[in-house]
Amino acid sequence: MSVTPEELDSDRQQKAREYAGIRHRLLLVDLGIAIVGIVIVLFGGVGIWLRNVLQPLNWQPIHGWYPFQVLVYFVAIMLAYQIITFPITYYRDYLIVSAPKSQTSERGKVLLHRYGLSTMSLKNWLLDLLKGLALSLVFSIFAVELVYLLLAAQPQTWWLWVAAALLFFSVVMANLAPVLILPLFYKFSPLPEGELAQRLLALAERAHTRVRGVFTMQLSSKTTAANAALMGLGNTRRIVLGDTMLDRYTPDEIEVVLAHELGHHVHRDIWKLIISQSLLMLGGLYLVNLVLHWAVETQHYYQGLADAATLIVMPLSNGYSRAIEYQADEYALQATQKIEPFKSAMTRLANQNLADVEPSPVIEFLLHDHPSIGKRLKHADEFAAHHDLPVQGSESRASLSAPSSEAASSTDPAGMASSGSSTPDAAH
């Protein structure tokens, strides 16, 4: 396939900034609703009323742990929050990202199908939303019950045990997600034998990485965005390419994107991230323990302990993740020596996935777990200059300057955390 070097699309960048701005405003609205809800539950009498209603469910297998009360209380609060915020979810994750269909009015052109990142019908989007909500409920209920069990059994050291459980859960999910969770949302199939599959397997062999094969993920059934990743851990590790990438990218571009992913394995970044995030979560949980201990123990209120800890440690975690991603880019450039395909792939992904190449430094610090596309293009230029490698057209692709903001993922299933890849932030 012959493809000319990709140029940053100024129209797409304008849309990327608009899209990111909308998502940031909706994030603030969502956060405001959560804060108001917490205040109402804690200080408006709703929490006490609901606790009194649930008094008949007073079975306690361990003194101080009321599993049925905790279950019903949590499910009621979570479902109420989901119902209240559904209009935001619908607007953010379906309405403004849907691909154009029929546009019968100027007003419809403004609000409906504005950014064309989603290809899903409303029925399929709702089905994915319900699947994600069901999974989220199962995992969250288990986590909440565990927290309350440990609060009753080990009131002073519960946070240590929760952090250990989260570490174990992270390892198990990293192993099982590609074979148990993601197939609930995406169809996977082996990549047919050919030059591309052979090149990617050879690249993995040079990186001393065992993979179970090269697979395609049917992203096109849900999104127009592209993605690629090295998924799984241990015996489930596999190379995965979105079908939205296969028909638009050269083999060299795909190879350099996968080299980035293999760089994570060579540097043992997955384990570094699991351990570092567990340590950060441990610190966050300890702070939550100090601040909220009175509410959980004396008032018997549910608090989103893990969520609160995540908000505390997220900027630190994202900063470490960006450093790791920089090193993975360095490995990709060293392993392939393909500067132009690297820059072309990053630029193509920015255009396709509506990723802002130069977000605000504040937004990048708080929300981005990958360096911005602008920084990654600059990194490639600096690598080429340091190693005296030729670069074509670098000025035309890297010169587009744009103000702020990150575009959030349109490729991750509803209710699921991002699995991570080498693609721009818009693909996460």
# chains A, B, ... in the order shown; residues from 1 in each chain; ligands from 1
$ residues_around --residues "A:Ser170" --least-positions-apart "5" --cutoff "12 Å" --atoms "only C-alpha atoms" --output "list in words"
Phe139, Ala163, Ala164, Ala165, Asn175, Leu176, Ala177, Gly232, Leu233, Ile270, Trp271, Leu273, Ile274, Ile275, Ser276, Gln277, Ser278, Met281, Ala417 and Ser419 of chain A
$ select_by_dssp --residues "stretch 139-277 of chain A" --states "helix (DSSP H, G or I)" --output "ChimeraX atom specification"
/A:139-153,158-184,195-206,219-221,234-236,243-246,251-266,269-277
$ closest_residue --among "A:Leu366, A:Met245, A:Leu285, A:Ala355" --to "A:Leu160" --atoms "only C-alpha atoms"
A:Leu285
$ closest_residue --among "A:Arg92, A:Arg248, A:Arg268, A:His386" --to "A:Glu325" --atoms "only C-alpha atoms"
A:Arg268
$ closest_residue --among "A:Ala225, A:Lys131, A:Trp158, A:Leu50" --to "A:Ile181" --atoms "only C-alpha atoms"
A:Lys131
$ select_by_dssp --residues "stretch 164-228 of chain A" --states "strand (DSSP E or B)" --output "NGL selection string"
:A and (188-190 or 214-217 or 223 or 228)
$ closest_residue --among "A:Lys272, A:Arg25, A:Lys123, A:His63" --to "A:Val171" --atoms "only C-alpha atoms"
A:Lys272
$ residues_around --residues "A:Glu261" --least-positions-apart "5" --cutoff "12 Å" --atoms "only C-alpha atoms" --output "PyMOL selection string"
chain A and resi 200+203-204+207+209+227-232+237-241+254-256+266-270+324-333+335+420-423
$ closest_residue --among "A:Ile62, A:Ala20, A:Val357, A:Ile77" --to "A:Tyr148" --atoms "only C-alpha atoms"
A:Ile62
$ atom_distance --atom1 "atom CA of A:Thr336" --atom2 "atom CA of A:Ala259"
7.4 Å
$ residues_around --residues "stretch 345-350 of chain A" --least-positions-apart "3" --cutoff "6 Å" --atoms "only C-alpha atoms" --output "MDAnalysis selection string"
chainID A and resid 6 8 253 341:342 353:355
